[in-house]
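Q: Structure file model_35.pdb (PDB, C-alpha atoms and all ligand atoms) right here:
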```pdb
MODEL        1
ATOM      1  CA  MET R   1      14.314  65.795 -80.375
ATOM      2  CA  LYS R   2      16.939  66.141 -83.095
ATOM      3  CA  GLU R   3      20.531  66.503 -82.020
ATOM      4  CA  ILE R   4      23.855  67.102 -83.809
ATOM      5  CA  HIS R   5      26.470  65.153 -81.927
ATOM      6  CA  ASP R   6      30.003  63.788 -82.219
ATOM      7  CA  PHE R   7      29.824  60.048 -81.502
ATOM      8  CA  LYS R   8      32.960  58.036 -80.771
ATOM      9  CA  VAL R   9      33.641  54.856 -82.748
ATOM     10  CA  LEU R  10      33.839  52.096 -80.113
ATOM     11  CA  GLU R  11      34.130  49.225 -82.558
ATOM     12  CA  ARG R  12      34.380  48.664 -86.308
ATOM     13  CA  ARG R  13      33.529  45.247 -87.753
ATOM     14  CA  GLN R  14      34.148  44.248 -91.371
ATOM     15  CA  LEU R  15      31.362  41.935 -92.605
ATOM     16  CA  GLY R  16      32.498  40.330 -95.842
ATOM     17  CA  SER R  17      33.812  42.538 -98.614
ATOM     18  CA  ARG R  18      30.801  44.843 -98.976
ATOM     19  CA  TYR R  19      29.546  45.623 -95.471
ATOM     20  CA  PHE R  20      30.865  46.953 -92.173
ATOM     21  CA  ALA R  21      29.291  47.848 -88.839
ATOM     22  CA  LEU R  22      30.148  50.766 -86.566
ATOM     23  CA  VAL R  23      29.278  50.726 -82.869
ATOM     24  CA  LEU R  24      29.105  54.381 -81.817
ATOM     25  CA  GLU R  25      29.176  55.715 -78.270
ATOM     26  CA  HIS R  26      27.279  58.866 -77.405
ATOM     27  CA  GLY R  27      29.200  59.644 -74.211
ATOM     28  CA  GLY R  28      26.171  61.336 -72.617
ATOM     29  CA  ARG R  29      22.402  61.043 -72.731
ATOM     30  CA  MET R  30      21.295  59.664 -76.058
ATOM     31  CA  GLN R  31      18.015  60.730 -77.695
ATOM     32  CA  PRO R  32      15.428  57.936 -77.962
ATOM     33  CA  VAL R  33      15.351  56.334 -81.434
ATOM     34  CA  VAL R  34      12.233  54.688 -82.897
ATOM     35  CA  PRO R  35      12.979  51.684 -85.176
ATOM     36  CA  GLY R  36      13.105  52.891 -88.790
ATOM     37  CA  GLN R  37      14.511  56.319 -87.918
ATOM     38  CA  PHE R  38      17.845  57.279 -89.447
ATOM     39  CA  VAL R  39      20.918  59.447 -88.927
ATOM     40  CA  GLU R  40      22.660  61.841 -91.319
ATOM     41  CA  VAL R  41      26.375  61.168 -91.152
ATOM     42  CA  LEU R  42      29.046  63.760 -91.902
ATOM     43  CA  VAL R  43      31.752  62.300 -94.118
ATOM     44  CA  GLU R  44      34.891  64.137 -93.046
ATOM     45  CA  GLY R  45      38.112  64.329 -95.014
ATOM     46  CA  SER R  46      36.565  63.817 -98.459
ATOM     47  CA  ARG R  47      36.603  66.530-101.142
ATOM     48  CA  GLU R  48      34.027  64.697-103.256
ATOM     49  CA  VAL R  49      31.438  64.158-100.526
ATOM     50  CA  MET R  50      29.893  67.423 -99.365
ATOM     51  CA  LEU R  51      26.468  66.203 -98.252
ATOM     52  CA  ARG R  52      25.758  64.089 -95.197
ATOM     53  CA  ARG R  53      24.758  60.490 -95.955
ATOM     54  CA  PRO R  54      21.512  58.968 -94.556
ATOM     55  CA  ILE R  55      21.993  55.665 -92.715
ATOM     56  CA  SER R  56      19.376  53.730 -90.705
ATOM     57  CA  VAL R  57      19.869  52.945 -87.062
ATOM     58  CA  HIS R  58      20.628  49.216 -86.999
ATOM     59  CA  ASP R  59      20.788  48.720 -83.242
ATOM     60  CA  VAL R  60      20.426  50.717 -80.043
ATOM     61  CA  ASP R  61      21.825  49.873 -76.619
ATOM     62  CA  GLU R  62      20.333  52.417 -74.239
ATOM     63  CA  GLU R  63      22.264  51.105 -71.217
ATOM     64  CA  ARG R  64      25.642  51.420 -72.943
ATOM     65  CA  GLY R  65      24.581  54.606 -74.736
ATOM     66  CA  THR R  66      25.475  53.193 -78.165
ATOM     67  CA  LEU R  67      24.022  53.168 -81.660
ATOM     68  CA  THR R  68      25.115  50.692 -84.313
ATOM     69  CA  LEU R  69      25.115  51.391 -88.064
ATOM     70  CA  LEU R  70      25.335  48.694 -90.739
ATOM     71  CA  ILE R  71      26.808  50.169 -93.920
ATOM     72  CA  GLN R  72      27.170  48.839 -97.462
ATOM     73  CA  ILE R  73      30.101  50.265 -99.410
ATOM     74  CA  VAL R  74      28.664  51.670-102.665
ATOM     75  CA  GLY R  75      30.476  54.948-103.433
ATOM     76  CA  ASN R  76      32.836  57.665-102.223
ATOM     77  CA  GLY R  77      30.989  58.482 -99.004
ATOM     78  CA  THR R  78      30.568  54.960 -97.699
ATOM     79  CA  ARG R  79      34.125  54.073 -98.833
ATOM     80  CA  LYS R  80      35.443  56.972 -96.713
ATOM     81  CA  LEU R  81      33.297  55.922 -93.746
ATOM     82  CA  ALA R  82      34.757  52.417 -94.049
ATOM     83  CA  GLU R  83      38.166  53.901 -93.112
ATOM     84  CA  LEU R  84      36.930  54.864 -89.619
ATOM     85  CA  GLN R  85      38.655  53.079 -86.748
ATOM     86  CA  ALA R  86      37.942  52.656 -83.026
ATOM     87  CA  GLY R  87      38.580  55.963 -81.258
ATOM     88  CA  ASP R  88      37.646  58.165 -84.272
ATOM     89  CA  LYS R  89      34.711  60.556 -84.027
ATOM     90  CA  LEU R  90      31.664  60.605 -86.265
ATOM     91  CA  ASN R  91      29.389  63.625 -86.427
ATOM     92  CA  MET R  92      25.714  62.744 -86.882
ATOM     93  CA  VAL R  93      22.331  64.452 -86.914
ATOM     94  CA  TYR R  94      19.811  62.098 -85.300
ATOM     95  CA  PRO R  95      17.141  60.812 -84.872
ATOM     96  CA  LEU R  96      15.528  61.726 -88.209
ATOM     97  CA  GLY R  97      12.295  60.792 -89.943
ATOM     98  CA  HIS R  98       9.204  58.827 -89.084
ATOM     99  CA  GLY R  99       9.839  55.255 -87.949
ATOM    100  CA  PHE R 100       7.764  52.083 -88.033
ATOM    101  CA  SER R 101       4.520  51.900 -86.053
ATOM    102  CA  LEU R 102       4.727  49.546 -83.108
ATOM    103  CA  PRO R 103       1.629  47.496 -82.307
ATOM    104  CA  LEU R 104       1.271  45.961 -78.874
ATOM    105  CA  SER R 105       0.390  42.289 -78.449
ATOM    106  CA  THR R 106      -1.969  41.387 -75.634
ATOM    107  CA  PHE R 107      -2.784  38.057 -74.045
ATOM    108  CA  HIS R 108      -6.169  38.094 -75.805
ATOM    109  CA  SER R 109      -4.858  39.255 -79.197
ATOM    110  CA  PRO R 110      -1.280  38.085 -79.804
ATOM    111  CA  LEU R 111       0.112  39.693 -82.946
ATOM    112  CA  SER R 112       2.249  38.086 -85.585
ATOM    113  CA  THR R 113       4.426  40.160 -87.893
ATOM    114  CA  LEU R 114       6.656  39.547 -90.885
ATOM    115  CA  LEU R 115       9.823  41.626 -91.402
ATOM    116  CA  VAL R 116      11.185  41.446 -94.959
ATOM    117  CA  GLY R 117      14.654  42.847 -95.666
ATOM    118  CA  GLY R 118      16.948  42.873 -98.668
ATOM    119  CA  GLY R 119      20.454  44.289 -99.147
ATOM    120  CA  ALA R 120      21.284  47.215 -96.842
ATOM    121  CA  GLY R 121      17.536  47.320 -96.106
ATOM    122  CA  ILE R 122      18.019  44.693 -93.425
ATOM    123  CA  ALA R 123      19.708  47.406 -91.296
ATOM    124  CA  PRO R 124      16.652  48.956 -89.583
ATOM    125  CA  LEU R 125      14.983  45.571 -89.043
ATOM    126  CA  LEU R 126      17.245  44.476 -86.166
ATOM    127  CA  HIS R 127      16.205  47.357 -83.891
ATOM    128  CA  LEU R 128      12.599  46.775 -85.006
ATOM    129  CA  SER R 129      12.676  43.039 -84.206
ATOM    130  CA  LYS R 130      14.138  43.733 -80.747
ATOM    131  CA  VAL R 131      11.475  46.295 -79.887
ATOM    132  CA  LEU R 132       8.649  44.094 -81.224
ATOM    133  CA  LYS R 133       9.879  41.153 -79.168
ATOM    134  CA  ALA R 134       9.939  43.343 -76.051
ATOM    135  CA  LYS R 135       6.297  44.251 -76.786
ATOM    136  CA  GLY R 136       5.302  40.577 -76.969
ATOM    137  CA  VAL R 137       4.805  40.618 -80.747
ATOM    138  CA  SER R 138       5.919  37.511 -82.611
ATOM    139  CA  CYS R 139       8.240  38.105 -85.596
ATOM    140  CA  THR R 140       9.171  36.113 -88.659
ATOM    141  CA  ILE R 141      12.295  37.722 -90.093
ATOM    142  CA  LEU R 142      12.778  37.019 -93.801
ATOM    143  CA  LEU R 143      16.077  38.233 -95.254
ATOM    144  CA  GLY R 144      17.068  38.040 -98.892
ATOM    145  CA  GLY R 145      20.103  38.655-101.067
ATOM    146  CA  ARG R 146      21.832  37.518-104.234
ATOM    147  CA  THR R 147      24.203  35.258-102.229
ATOM    148  CA  ALA R 148      24.747  34.320 -98.564
ATOM    149  CA  GLU R 149      27.715  36.733 -98.312
ATOM    150  CA  LEU R 150      25.377  39.640 -99.096
ATOM    151  CA  ILE R 151      23.184  38.916 -96.060
ATOM    152  CA  PRO R 152      25.424  40.093 -93.221
ATOM    153  CA  VAL R 153      24.630  39.935 -89.482
ATOM    154  CA  ARG R 154      21.856  37.378 -90.023
ATOM    155  CA  ASP R 155      22.805  35.605 -86.764
ATOM    156  CA  GLU R 156      22.058  38.792 -84.797
ATOM    157  CA  PHE R 157      18.354  38.365 -85.612
ATOM    158  CA  GLU R 158      18.035  34.843 -84.207
ATOM    159  CA  PRO R 159      17.106  35.807 -80.608
ATOM    160  CA  TYR R 160      14.213  37.976 -81.805
ATOM    161  CA  GLY R 161      12.124  35.708 -84.002
ATOM    162  CA  ARG R 162      11.949  32.948 -86.583
ATOM    163  CA  LEU R 163      14.718  33.601 -89.104
ATOM    164  CA  CYS R 164      14.148  32.677 -92.773
ATOM    165  CA  ILE R 165      16.600  33.276 -95.609
ATOM    166  CA  ALA R 166      16.193  33.425 -99.385
ATOM    167  CA  THR R 167      19.129  33.705-101.799
ATOM    168  CA  ASP R 168      19.012  34.041-105.581
ATOM    169  CA  ASP R 169      21.788  31.461-106.021
ATOM    170  CA  GLY R 170      20.572  29.056-103.301
ATOM    171  CA  SER R 171      23.832  29.440-101.310
ATOM    172  CA  LEU R 172      21.721  29.744 -98.131
ATOM    173  CA  GLY R 173      18.081  29.037 -97.297
ATOM    174  CA  HIS R 174      15.389  29.000 -99.939
ATOM    175  CA  LYS R 175      16.590  29.434-103.533
ATOM    176  CA  GLY R 176      14.678  32.345-105.022
ATOM    177  CA  LEU R 177      13.191  35.711-104.102
ATOM    178  CA  VAL R 178      11.913  36.590-100.626
ATOM    179  CA  VAL R 179       8.344  36.718-101.957
ATOM    180  CA  GLU R 180       8.763  33.115-103.151
ATOM    181  CA  HIS R 181       9.828  31.863 -99.691
ATOM    182  CA  PRO R 182       7.062  29.627 -98.180
ATOM    183  CA  ALA R 183       7.057  31.752 -94.991
ATOM    184  CA  PHE R 184       6.045  34.802 -97.023
ATOM    185  CA  ALA R 185       2.660  33.252 -97.912
ATOM    186  CA  GLU R 186       1.669  32.597 -94.278
ATOM    187  CA  PRO R 187      -0.941  34.820 -92.591
ATOM    188  CA  TYR R 188       0.331  37.820 -90.564
ATOM    189  CA  ASP R 189      -1.224  40.809 -88.811
ATOM    190  CA  MET R 190       1.398  43.203 -90.168
ATOM    191  CA  ILE R 191       4.289  43.225 -92.649
ATOM    192  CA  TYR R 192       7.276  45.610 -92.474
ATOM    193  CA  THR R 193       9.760  45.854 -95.324
ATOM    194  CA  CYS R 194      12.958  47.664 -96.283
ATOM    195  CA  GLY R 195      15.253  46.995 -99.225
ATOM    196  CA  PRO R 196      15.465  47.347-102.993
ATOM    197  CA  THR R 197      12.425  49.116-104.486
ATOM    198  CA  PRO R 198      11.257  46.202-106.725
ATOM    199  CA  MET R 199      11.335  43.896-103.675
ATOM    200  CA  MET R 200       9.334  46.325-101.512
ATOM    201  CA  LYS R 201       6.777  46.887-104.306
ATOM    202  CA  ALA R 202       6.261  43.106-104.681
ATOM    203  CA  VAL R 203       5.829  42.781-100.900
ATOM    204  CA  ALA R 204       3.386  45.719-100.810
ATOM    205  CA  ARG R 205       1.303  44.378-103.722
ATOM    206  CA  SER R 206       0.986  40.965-102.080
ATOM    207  CA  ALA R 207       0.136  42.473 -98.667
ATOM    208  CA  ALA R 208      -2.563  44.651-100.266
ATOM    209  CA  GLU R 209      -4.076  41.660-102.117
ATOM    210  CA  ARG R 210      -4.135  39.632 -98.880
ATOM    211  CA  GLY R 211      -5.527  42.524 -96.811
ATOM    212  CA  ILE R 212      -2.473  42.642 -94.508
ATOM    213  CA  ARG R 213      -1.374  45.986 -93.089
ATOM    214  CA  CYS R 214       2.083  46.815 -94.425
ATOM    215  CA  GLU R 215       4.723  49.525 -93.964
ATOM    216  CA  VAL R 216       7.587  50.180 -96.394
ATOM    217  CA  SER R 217      10.785  52.090 -95.591
ATOM    218  CA  LEU R 218      11.933  54.005 -98.676
ATOM    219  CA  GLU R 219      15.596  54.780 -99.354
ATOM    220  CA  ASN R 220      15.325  57.672-101.839
ATOM    221  CA  MET R 221      18.461  59.734-102.404
ATOM    222  CA  MET R 222      18.624  62.595 -99.895
ATOM    223  CA  ALA R 223      20.443  65.877 -99.398
ATOM    224  CA  CYS R 224      19.281  68.017 -96.433
ATOM    225  CA  GLY R 225      17.479  65.187 -94.590
ATOM    226  CA  VAL R 226      15.026  67.583 -92.915
ATOM    227  CA  GLY R 227      12.425  68.479 -95.567
ATOM    228  CA  ALA R 228      14.056  71.659 -96.914
ATOM    229  CA  CYS R 229      15.467  70.764-100.361
ATOM    230  CA  LEU R 230      12.681  68.503-101.753
ATOM    231  CA  CYS R 231      15.192  66.216-103.463
ATOM    232  CA  CYS R 232      13.806  63.067-101.783
ATOM    233  CA  VAL R 233      10.146  63.553-102.765
ATOM    234  CA  THR R 234       7.965  60.515-103.545
ATOM    235  CA  ASP R 235       4.519  60.413-105.103
ATOM    236  CA  THR R 236       1.867  59.092-102.716
ATOM    237  CA  ASP R 237      -1.950  58.847-102.953
ATOM    238  CA  GLU R 238      -2.004  61.971-100.747
ATOM    239  CA  GLY R 239       0.325  63.971-103.011
ATOM    240  CA  HIS R 240       4.078  64.494-102.945
ATOM    241  CA  ARG R 241       5.794  63.659 -99.671
ATOM    242  CA  CYS R 242       9.393  64.105 -98.472
ATOM    243  CA  VAL R 243      10.878  60.707 -97.661
ATOM    244  CA  CYS R 244      13.229  62.306 -95.100
ATOM    245  CA  LYS R 245      10.550  64.114 -93.088
ATOM    246  CA  ASP R 246       7.215  62.367 -93.815
ATOM    247  CA  GLY R 247       8.972  58.953 -94.127
ATOM    248  CA  PRO R 248      11.135  57.037 -94.613
ATOM    249  CA  VAL R 249       8.401  54.685 -93.378
ATOM    250  CA  PHE R 250       5.021  54.859 -95.152
ATOM    251  CA  ASP R 251       1.854  52.803 -94.703
ATOM    252  CA  ILE R 252       1.000  51.231 -98.056
ATOM    253  CA  SER R 253      -2.639  52.279 -97.638
ATOM    254  CA  THR R 254      -1.412  55.703 -98.868
ATOM    255  CA  MET R 255       1.021  54.326-101.472
ATOM    256  CA  LYS R 256      -1.116  52.610-104.155
ATOM    257  CA  LYS R 257       0.343  54.887-106.853
ATOM    258  CA  TRP R 258       3.836  53.870-105.762
ATOM    259  CA  TYR R 259       3.498  50.090-105.653
ATOM    260  CA  LYS R 260       0.956  49.443-108.462
TER     261      LYS R 260
HETATM  262  C1  LIG R 301      16.540  56.725 -95.025
HETATM  263  C2  LIG R 301      17.732  55.998 -95.594
HETATM  264  C3  LIG R 301      18.345  55.020 -94.829
HETATM  265  C4  LIG R 301      19.459  54.338 -95.338
HETATM  266  N1  LIG R 301      20.034  53.384 -94.553
HETATM  267  C5  LIG R 301      21.129  52.749 -94.986
HETATM  268  C6  LIG R 301      21.796  51.802 -94.152
HETATM  269  O1  LIG R 301      21.382  51.534 -93.022
HETATM  270  N2  LIG R 301      22.908  51.207 -94.625
HETATM  271  C7  LIG R 301      23.402  51.477 -95.879
HETATM  272  O2  LIG R 301      24.428  50.896 -96.275
HETATM  273  N3  LIG R 301      22.792  52.359 -96.698
HETATM  274  C8  LIG R 301      21.686  53.017 -96.285
HETATM  275  N4  LIG R 301      21.079  53.944 -97.098
HETATM  276  C9  LIG R 301      21.661  54.199 -98.436
HETATM  277  C10 LIG R 301      22.860  55.144 -98.251
HETATM  278  O3  LIG R 301      22.410  56.400 -97.818
HETATM  279  C11 LIG R 301      23.594  55.309 -99.583
HETATM  280  O4  LIG R 301      24.096  54.058-100.007
HETATM  281  C12 LIG R 301      24.755  56.277 -99.410
HETATM  282  O5  LIG R 301      24.269  57.590 -99.199
HETATM  283  C13 LIG R 301      25.640  56.258-100.639
HETATM  284  O6  LIG R 301      26.675  57.209-100.444
HETATM  285  P1  LIG R 301      28.033  57.089-101.233
HETATM  286  O7  LIG R 301      28.680  58.422-101.188
HETATM  287  O8  LIG R 301      28.832  55.937-100.780
HETATM  288  O9  LIG R 301      27.584  56.737-102.681
HETATM  289  P2  LIG R 301      27.287  57.753-103.934
HETATM  290  O10 LIG R 301      28.648  58.038-104.510
HETATM  291  O11 LIG R 301      26.457  58.865-103.440
HETATM  292  O12 LIG R 301      26.493  56.786-104.812
HETATM  293  C14 LIG R 301      27.033  55.526-105.248
HETATM  294  C15 LIG R 301      25.945  54.705-105.870
HETATM  295  O13 LIG R 301      24.944  54.399-104.885
HETATM  296  C16 LIG R 301      23.683  54.836-105.344
HETATM  297  N5  LIG R 301      22.942  55.372-104.188
HETATM  298  C17 LIG R 301      23.235  56.469-103.467
HETATM  299  N6  LIG R 301      22.314  56.675-102.527
HETATM  300  C18 LIG R 301      21.416  55.696-102.661
HETATM  301  C19 LIG R 301      20.194  55.382-102.016
HETATM  302  N7  LIG R 301      19.699  56.108-101.031
HETATM  303  N8  LIG R 301      19.522  54.293-102.433
HETATM  304  C20 LIG R 301      19.971  53.550-103.446
HETATM  305  N9  LIG R 301      21.110  53.804-104.101
HETATM  306  C21 LIG R 301      21.798  54.865-103.734
HETATM  307  C22 LIG R 301      23.961  55.909-106.365
HETATM  308  O14 LIG R 301      22.927  55.993-107.334
HETATM  309  C23 LIG R 301      25.218  55.431-107.007
HETATM  310  O15 LIG R 301      24.950  54.482-108.015
HETATM  311  C24 LIG R 301      19.967  54.632 -96.633
HETATM  312  C25 LIG R 301      19.339  55.625 -97.405
HETATM  313  C26 LIG R 301      18.234  56.286 -96.892
HETATM  314  C27 LIG R 301      17.574  57.352 -97.708
HETATM  315  S1  LIG R 302      16.424  65.371 -98.313
HETATM  316 FE1  LIG R 302      15.954  67.461 -98.464
HETATM  317  S2  LIG R 302      13.786  67.415 -98.421
HETATM  318 FE2  LIG R 302      14.323  65.360 -98.058
ENDMDL
END
```
Rewrite the structure from the file as structure tokens, please.
A:
Amino acid sequence: MKEIHDFKVLERRQLGSRYFALVLEHGGRMQPVVPGQFVEVLVEGSREVMLRRPISVHDVDEERGTLTLLIQIVGNGTRKLAELQAGDKLNMVYPLGHGFSLPLSTFHSPLSTLLVGGGAGIAPLLHLSKVLKAKGVSCTILLGGRTAELIPVRDEFEPYGRLCIATDDGSLGHKGLVVEHPAFAEPYDMIYTCGPTPMMKAVARSAAERGIRCEVSLENMMACGVGACLCCVTDTDEGHRCVCKDGPVFDISTMKKWYK
């Protein structure tokens, strides 16, 4: 169920020059969050930023009652959010949207998955990798960026699967695009991806050619976040769909028009 709630900033971590993470405490009973769901954050104290900003849930700690957001500073809203300090409050509507589907591995049919993230698109993949591991699903986590500095929090993924890195400049891992990493060509039961649109389209095209089930998490610009304003619409094989309400996660079997 959706909730509007003032979270308290427990911790703020700067991650290089472009990213920061906020650990947010609910202070009561938190709503369950499916990996891939997002929050709409109210940016207070800014005249320029009237609309809430959509941010994926990066991590969830149900015992502590905390959510973590991983945020890339790109404009006025995220710059203002970067000023938050421990003890400040942050008003959020959550959980929003349709998350990733979560297959269950069994002893007789162990599942192997590939998670492909680029840029701020790596954010929802941490919560996803944790939940998949808890379900006995094996994960290869393939993260890409222009340079090593632009792949923050990569160490956080290590406990949850095999971690592979691709950088354009070769400063870490394989030199090249994520789709050129040798691990990308291996067989998988399912591929999940979030990141820049050209990256996700390349991943989707390859998954379709290889007959691998694949889900993409779109990051279209949003306003209301609940399906009322239609500003986040994407064209799918089933007609126009709101990324905020029908997505952000879509199965590529309905997205041929989008990735072709
Ligand atoms: C479902 C969803 C989940 C998201 N999760 C995260 C996340 O976990 N971490 C994170 O850092 N960002 C995430 N984003 C992107 C984030 O919402 C935008 O970067 C943010 O709203 C920009 O606000 P701003 O005021 O700083 O920038 P603006 O001043 O609004 O814009 C600055 C620049 O960023 C571009 N921009 C704005 N929004 C987007 C967008 N959605 N996609 C691509 N470019 C955009 C603009 O075109 C402009 O060039 C997510 C977006 C969606 C839709
Ligand atoms: S953001 Fe308003 S309909 Fe999606």
Q: When distances are computed from only C-alpha atoms, which of R:Lys8, R:Arg213, R:His58, R:Lys2 shows the smallest separation from R:Ser253?
A: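 Of R:Lys8, R:Arg213, R:His58, R:Lys2, the one nearest R:Ser253, counting only C-alpha atoms, is R:Arg213.
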Q: Around (13.7, 63.3, -89.7) in the file's frame, which residues reach within 9 Å when counting only C-alpha atoms? Return as a list of chain:residue names?
A: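 Here is the list of nearby residues: R:Lys2, R:Gln37, R:Phe38, R:Val39, R:Tyr94, R:Pro95, R:Leu96, R:Gly97, R:His98, R:Gly225, R:Val226, R:Gly227, R:Val243, R:Cys244, R:Lys245, R:Asp246, R:Gly247, R:Pro248.
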Q: I'd like the neighbourhood of R:Lys133 as an MDAnalysis selection string, where a residue qualifies if any of its atoms comes within 10 Å (using all atoms listed in the file), though same-chain residues fewer than 3 positions away should be ignored.
A: chainID R and resid 104:105 128:130 136:139 159:161
Q: Include C-alpha atoms and write out the residues we just selected as a PDB file, keeping the file's coordinate frame.
A:
```pdb
ATOM      1  CA  LEU R 104       1.271  45.961 -78.874  1.00  0.00           C
ATOM      2  CA  SER R 105       0.390  42.289 -78.449  1.00  0.00           C
ATOM      3  CA  LEU R 128      12.599  46.775 -85.006  1.00  0.00           C
ATOM      4  CA  SER R 129      12.676  43.039 -84.206  1.00  0.00           C
ATOM      5  CA  LYS R 130      14.138  43.733 -80.747  1.00  0.00           C
ATOM      6  CA  GLY R 136       5.302  40.577 -76.969  1.00  0.00           C
ATOM      7  CA  VAL R 137       4.805  40.618 -80.747  1.00  0.00           C
ATOM      8  CA  SER R 138       5.919  37.511 -82.611  1.00  0.00           C
ATOM      9  CA  CYS R 139       8.240  38.105 -85.596  1.00  0.00           C
ATOM     10  CA  PRO R 159      17.106  35.807 -80.608  1.00  0.00           C
ATOM     11  CA  TYR R 160      14.213  37.976 -81.805  1.00  0.00           C
ATOM     12  CA  GLY R 161      12.124  35.708 -84.002  1.00  0.00           C
TER      13      GLY R 161
END
```
Q: Quick one: residues within 9 Å of stretch 40-56 of chain R, only C-alpha atoms, excluding same-chain residues fewer than 6 positions away - as a list in words?
A: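 Counting only C-alpha atoms, the residues come to Leu69, Leu70, Ile71, Asn76, Gly77, Thr78, Lys80, Leu81, Leu90, Asn91, Met92, Val93, Tyr94, Pro95, Leu96, Gly121, Ala123, Pro124, Glu219, Met221, Met222, Ala223, Cys224, Gly225 and Cys244 of chain R.
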Q: Output the residue selection produced by the PyMOL selection byres (((chain R and resi 191-197) around 9) and not hetatm) on the file above, formatted as a PyMOL selection string.
A: chain R and resi 100+112-125+188-190+198-204+207+212-219+249
Q: Between R:Asp169, R:Glu238, R:Glu83, R:Asp61, which one has atoms that come closest to R:Arg12, using only C-alpha atoms?
A: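 Of all the options, R:Glu83 lies closest to R:Arg12.
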Q: Between R:Ile4, R:Cys242, R:Leu10, R:Ile165, which residue has the minimum interatomic distance to ligand LIG 301 (chain R), considering only C-alpha atoms and all ligand atoms?
A: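 Looking at the shortest contact to ligand LIG 301 (chain R), the residue is R:Cys242.
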Q: Run the PyMOL selection byres (((chain R and resi 236) around 8) and not hetatm) on the file and write out the hits as a list in words.
A: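 Residues picked by the PyMOL selection byres (((chain R and resi 236) around 8) and not hetatm): Thr234, Asp235, Asp237, Glu238, Gly239, His240, Arg241, Thr254, Met255, Lys256, Lys257 and Trp258 of chain R.
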Q: On this structure, which residues satisfy the PyMOL selection byres (((chain R and resi 147-151) around 7) and not hetatm), written as a list of chain:residue names?
A: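 Applied to this file, the PyMOL selection byres (((chain R and resi 147-151) around 7) and not hetatm) selects R:Gly16, R:Gly119, R:Gly144, R:Gly145, R:Arg146, R:Pro152, R:Val153, R:Arg154, R:Thr167, R:Asp168, R:Asp169, R:Ser171, R:Leu172.
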Q: Would you mind reading off the distance between atom CA of R:Gly99 and atom CA of R:Pro182, one decimal, in Å?
A: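 So the two atoms, atom CA of R:Gly99 and atom CA of R:Pro182, lie 27.7 Å apart.
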Q: Take every atom of ligand LIG 301 (chain R) listed in the file, pad by 8 Å on each side, and give me the axis-aligned box centre and edge lengths in Å, one decimal, as lines of an AutoDock Vina configuration file.
A:
```
center_x = 22.7
center_y = 54.9
center_z = -100.5
size_x = 28.3
size_y = 24.0
size_z = 31.0
```
Q: Considering all atoms listed in the file, can you say which of R:Ala166, R:Ala82, R:Ile141, R:Val9 comes closest to ligand LIG 301 (chain R)?
A: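 Closest to ligand LIG 301 (chain R) of all the choices is R:Ala82.
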Q: When you draw a straight line from atom CA of R:Val60 to atom CA of R:Leu102, how long is it in Å?
A: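 Going from atom CA of R:Val60 over to atom CA of R:Leu102 covers 16.0 Å.
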Q: Tell me, in Å to one decimal, how far atom CA of R:Glu158 is from atom CA of R:Val57.
A: 18.4 Å
Q: Return the single residue from R:Tyr259, R:Thr66, R:Asn220, R:Ile252 that is closest to ligand LIG 302 (chain R), with distances computed using only C-alpha atoms and all ligand atoms.
A: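 Of R:Tyr259, R:Thr66, R:Asn220, R:Ile252, the one nearest ligand LIG 302 (chain R) is R:Asn220, counting only C-alpha atoms and all ligand atoms.
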Q: Which is closest to ligand LIG 301 (chain R) among R:Leu126, R:Val131, R:Val74, R:Cys232, if we use only C-alpha atoms and all ligand atoms?
A: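 When distances to ligand LIG 301 (chain R) are compared using only C-alpha atoms and all ligand atoms, the smallest one comes from R:Val74.
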Q: List every protein, DNA or RNA residue with an atom no more than 12 Å from (23.2, 48.7, -74.0) in the file's coordinates, counting all atoms listed in the file, and format the result as a ChimeraX atom specification.
A: /R:23-26,30,59-68
